[in-house]
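Novice: So that you have it, the file is start.cif, and it contains mmCIF, C-alpha atoms:
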```cif
data_protein
loop_
_atom_site.label_atom_id
_atom_site.label_comp_id
_atom_site.auth_asym_id
_atom_site.auth_seq_id
_atom_site.Cartn_x
_atom_site.Cartn_y
_atom_site.Cartn_z
CA MET A 24 23.86 -0.34 -64.39
CA LEU A 25 27.27 1.04 -63.34
CA ARG A 26 25.84 1.77 -59.90
CA ARG A 27 24.80 -1.88 -59.48
CA MET A 28 28.26 -3.02 -60.60
CA LEU A 29 30.11 -0.83 -58.09
CA LEU A 30 27.87 -1.22 -55.02
CA PRO A 31 29.33 -4.60 -53.95
CA HIS A 32 32.74 -2.96 -53.37
CA PRO A 33 33.18 -2.62 -49.58
CA ASP A 34 34.51 0.97 -49.73
CA MET A 35 31.95 2.28 -52.22
CA GLU A 36 28.49 3.75 -51.93
CA ILE A 37 26.71 5.10 -54.97
CA ALA A 38 24.10 7.61 -53.91
CA ILE A 39 21.37 8.04 -56.44
CA GLU A 40 21.29 11.47 -58.01
CA THR A 41 22.93 13.80 -55.50
CA HIS A 42 21.93 16.81 -57.56
CA PHE A 43 21.10 18.58 -54.31
CA LEU A 44 24.83 19.39 -53.87
CA PRO A 45 24.89 22.25 -56.41
CA ALA A 46 21.74 23.67 -54.81
CA LEU A 47 23.39 23.52 -51.37
CA HIS A 48 26.49 25.17 -52.80
CA ASP A 49 24.46 27.93 -54.47
CA GLU A 50 22.43 28.52 -51.33
CA PHE A 51 25.13 28.33 -48.67
CA GLY A 52 28.61 28.13 -50.23
CA ASP A 53 31.15 27.32 -47.54
CA ARG A 54 29.38 29.10 -44.69
CA GLU A 55 28.00 27.34 -41.64
CA VAL A 56 24.39 26.24 -42.02
CA THR A 57 21.79 25.04 -39.58
CA PHE A 58 20.43 21.52 -39.54
CA ASP A 59 17.03 22.80 -40.70
CA GLU A 60 18.55 24.77 -43.60
CA TYR A 61 20.48 21.71 -44.82
CA VAL A 62 17.52 19.33 -44.55
CA SER A 63 15.14 21.76 -46.27
CA VAL A 64 17.34 21.87 -49.40
CA VAL A 65 17.89 18.09 -49.42
CA ASP A 66 14.13 17.59 -49.05
CA GLU A 67 13.29 19.67 -52.14
CA HIS A 68 14.89 17.41 -54.77
CA TYR A 69 13.10 14.76 -56.76
CA ASP A 70 13.96 11.54 -58.56
CA SER A 71 12.87 10.66 -62.09
CA SER A 72 9.45 9.45 -60.92
CA GLY A 73 8.68 12.74 -59.16
CA ARG A 74 9.25 11.20 -55.75
CA LYS A 75 11.42 13.06 -53.26
CA TRP A 76 15.00 11.93 -53.73
CA ILE A 77 15.57 11.50 -50.01
CA ASP A 78 12.43 9.34 -49.70
CA THR A 79 13.76 6.94 -52.34
CA LEU A 80 17.23 6.78 -50.79
CA LEU A 81 15.84 6.28 -47.29
CA GLU A 82 13.66 3.42 -48.48
CA GLN A 83 16.62 1.77 -50.23
CA ASN A 84 18.45 1.85 -46.90
CA GLY A 85 15.60 0.55 -44.73
CA LYS A 86 14.57 3.92 -43.32
CA ARG A 87 11.31 5.86 -43.45
CA TYR A 88 10.75 9.36 -44.81
CA GLU A 89 8.18 10.16 -42.11
CA THR A 90 10.81 9.82 -39.37
CA PHE A 91 13.76 11.17 -41.36
CA PRO A 92 14.28 14.68 -39.94
CA ALA A 93 13.94 13.63 -36.28
CA SER A 94 16.00 10.43 -36.67
CA PHE A 95 18.69 12.17 -38.69
CA ARG A 96 18.87 15.07 -36.22
CA GLN A 97 19.27 12.66 -33.31
CA GLN A 98 22.02 10.61 -34.96
CA CYS A 99 23.76 13.55 -36.62
CA GLY A 100 24.31 15.53 -33.45
CA LEU A 101 25.01 18.73 -35.37
CA GLU A 102 22.81 21.80 -35.14
CA THR A 103 25.21 23.87 -37.25
CA GLY A 104 28.01 22.85 -39.58
CA THR A 105 29.26 22.99 -43.13
CA VAL A 106 27.52 21.33 -46.05
CA PRO A 107 30.28 18.66 -46.30
CA ALA A 108 29.97 17.92 -42.56
CA PHE A 109 26.20 17.48 -42.83
CA THR A 110 26.57 15.42 -46.01
CA ASP A 111 29.07 13.10 -44.32
CA GLU A 112 26.57 12.70 -41.47
CA LEU A 113 23.77 12.06 -43.96
CA TYR A 114 25.81 9.24 -45.51
CA ARG A 115 26.60 7.87 -42.04
CA PHE A 116 22.85 7.94 -41.29
CA LEU A 117 21.95 6.23 -44.57
CA PHE A 118 24.78 3.74 -44.96
CA GLY A 119 25.97 3.28 -41.38
CA ARG A 120 29.35 4.82 -42.21
CA VAL A 121 30.98 7.53 -44.27
CA PRO A 122 32.20 5.61 -47.32
CA THR A 123 35.74 5.98 -48.64
CA CYS A 124 34.32 6.47 -52.14
CA ILE A 125 31.01 8.08 -52.97
CA GLY A 126 29.80 7.79 -56.51
CA ASP A 127 27.04 9.48 -58.39
CA LYS A 128 25.67 9.12 -61.87
CA THR A 129 24.13 12.57 -62.19
CA PRO A 130 24.64 13.57 -65.86
CA HIS A 131 25.25 17.28 -65.29
CA TYR A 132 28.14 16.87 -62.83
CA GLY A 133 30.53 17.55 -65.68
CA THR A 134 29.38 21.15 -65.46
CA THR A 135 29.46 21.35 -61.65
CA MET A 136 32.69 19.58 -60.74
CA ASP A 137 33.90 22.82 -59.17
CA VAL A 138 31.06 22.56 -56.64
CA VAL A 139 32.17 19.10 -55.56
CA THR A 140 35.83 20.17 -55.32
CA ASP A 141 34.84 23.27 -53.32
CA PHE A 142 33.26 20.93 -50.76
CA TRP A 143 35.83 18.11 -51.06
CA PRO A 144 39.14 19.44 -52.46
CA ASP A 145 40.63 15.93 -52.78
CA ALA A 146 37.71 14.60 -54.84
CA LYS A 147 38.55 12.47 -57.85
CA PHE A 148 36.34 12.06 -60.90
CA VAL A 149 35.86 9.17 -63.27
CA HIS A 150 34.29 10.25 -66.52
CA ILE A 151 31.85 7.80 -68.06
CA VAL A 152 30.66 8.46 -71.60
CA ARG A 153 26.95 7.80 -72.09
CA ASP A 154 24.90 7.83 -75.26
CA GLY A 155 23.88 11.50 -75.46
CA VAL A 156 20.51 10.88 -77.08
CA TYR A 157 19.58 8.28 -74.46
CA ALA A 158 20.76 10.53 -71.60
CA ALA A 159 18.87 13.57 -72.95
CA ASP A 160 15.71 11.51 -73.49
CA SER A 161 15.98 10.16 -69.95
CA MET A 162 16.37 13.66 -68.52
CA THR A 163 13.23 14.94 -70.32
CA ARG A 164 11.21 12.43 -68.28
CA HIS A 165 12.93 13.31 -64.98
CA ALA A 166 10.48 15.23 -62.77
CA GLY A 167 13.28 17.10 -61.02
CA PHE A 168 14.70 18.42 -64.29
CA GLN A 169 11.19 19.14 -65.59
CA LYS A 170 10.63 21.25 -62.48
CA GLN A 171 13.91 23.13 -63.09
CA ILE A 172 13.15 23.68 -66.77
CA GLY A 173 9.60 24.83 -65.98
CA ALA A 174 10.95 27.32 -63.44
CA GLY A 175 13.28 28.82 -66.02
CA THR A 176 16.44 27.95 -64.05
#
```
Would you write the structure of this file as structure tokens?
Specialist:
Amino acid sequence: MLRRMLLPHPDMEIAIETHFLPALHDEFGDREVTFDEYVSVVDEHYDSSGRKWIDTLLEQNGKRYETFPASFRQQCGLETGTVPAFTDELYRFLFGRVPTCIGDKTPHYGTTMDVVTDFWPDAKFVHIVRDGVYAADSMTRHAGFQKQIGAGT
């Protein structure tokens, strides 16, 4: 609901569940990565229905998953870069611009704020308190978290 309230703001984009950022940080840290390395990590994250996260976000922005890697590569223009550079280009690809404010409602970001500030040192956080029982129940049905829990990570 908060996402729908904030989206009309002209400087704001709320990306659904960017829980791929901690995985990118764990995999690559602040080193240069290739386009293929970046896309492979982004492509391996799932939304609550079990659908690839990037597929859902592409559809919401009028783009197709089948053409994503080639279209993104062409527009991005980077073959190597940092995770923040590729992420900015991903947002430019999805939203047509790099937004001034990028929001996310991922529940576990309270435990990974250091990851975000490693990538974007000037990041600011707004803490929203959710009903813990509702949030936990929601996460038990999230295919991405089920996959993590099942893998023992």
Novice: Rank A:Leu44, A:Asp59, A:Asp53, A:Glu67 by their smallest atom-to-atom distance to Phe95 of chain A, using only C-alpha atoms, and report the top residue only.
Specialist: A:Asp59
Novice: From the list A:Val62, A:Leu117, A:Ile77, A:Val106, which residue is nearest Ala93 of chain A when using all atoms listed in the file?
Specialist: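 That would be A:Val62, the residue with the smallest distance to Ala93 of chain A.
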Novice: Under the rule that only C-alpha atoms are counted, which of A:Leu80, A:Leu113, A:Ile151, A:Ala108 is the nearest residue to Pro92 of chain A?
Specialist: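 The shortest atom-to-atom distance to Pro92 of chain A comes from A:Leu113.
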Novice: Just give me the gap between atom CA of Pro45 of chain A and atom CA of Lys75 of chain A in Å, one decimal is fine.
Specialist: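 Value for the atom CA of Pro45 of chain A-atom CA of Lys75 of chain A distance: 16.6 Å.
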Novice: When you count only C-alpha atoms, which of these residues is closest to Asp137 of chain A: A:His42, A:Glu102, A:Leu81, A:His48?
Specialist: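 That would be A:His48, the residue with the smallest distance to Asp137 of chain A.
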Novice: Please determine, counting only C-alpha atoms, which residue among A:Gln97, A:Asn84, A:Met162, A:Tyr157 has the shortest atom-to-atom distance to Tyr114 of chain A.
Specialist: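 So, comparing all the options, the nearest one is A:Asn84.
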Novice: Would you kindly return, as a PyMOL selection string, each protein, DNA or RNA residue with an atom no farther than 12 Å from any atom of Arg54 of chain A, considering only C-alpha atoms and excluding same-chain residues fewer than 3 positions away?
Specialist: chain A and resi 47-51+57+60-61+103-108+141-142
Novice: Pick the closest to Val139 of chain A from A:Asp66, A:Gly52, A:Gly100, A:Glu89: which is it, counting all atoms listed in the file?
Specialist: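 Nearest candidate to Val139 of chain A out of A:Asp66, A:Gly52, A:Gly100, A:Glu89: A:Gly52.
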Novice: One decimal, Å: what's the distance from atom CA of Gly119 of chain A over to atom CA of Gly85 of chain A, could you say?
Specialist: 11.2 Å
Novice: May I ask for the distance between atom CA of Arg120 of chain A and atom CA of Val65 of chain A, given in Å to one decimal place?
Specialist: 19.0 Å
Novice: What would the selection look like, as a PDB file with C-alpha atoms, in the coordinates of the input, if the PyMOL selection byres ((chain A and resi 163-165) around 9) were run on the coordinates I just shared?
Specialist:
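As written to disk, selection_17.pdb reads:
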```
ATOM      1  CA  TYR A  69      13.100  14.760 -56.760  1.00  0.00           C
ATOM      2  CA  ASP A  70      13.960  11.540 -58.560  1.00  0.00           C
ATOM      3  CA  SER A  71      12.870  10.660 -62.090  1.00  0.00           C
ATOM      4  CA  SER A  72       9.450   9.450 -60.920  1.00  0.00           C
ATOM      5  CA  GLY A  73       8.680  12.740 -59.160  1.00  0.00           C
ATOM      6  CA  ALA A 158      20.760  10.530 -71.600  1.00  0.00           C
ATOM      7  CA  ALA A 159      18.870  13.570 -72.950  1.00  0.00           C
ATOM      8  CA  ASP A 160      15.710  11.510 -73.490  1.00  0.00           C
ATOM      9  CA  SER A 161      15.980  10.160 -69.950  1.00  0.00           C
ATOM     10  CA  MET A 162      16.370  13.660 -68.520  1.00  0.00           C
ATOM     11  CA  ALA A 166      10.480  15.230 -62.770  1.00  0.00           C
ATOM     12  CA  GLY A 167      13.280  17.100 -61.020  1.00  0.00           C
ATOM     13  CA  PHE A 168      14.700  18.420 -64.290  1.00  0.00           C
ATOM     14  CA  GLN A 169      11.190  19.140 -65.590  1.00  0.00           C
ATOM     15  CA  LYS A 170      10.630  21.250 -62.480  1.00  0.00           C
TER      16      LYS A 170
END
```
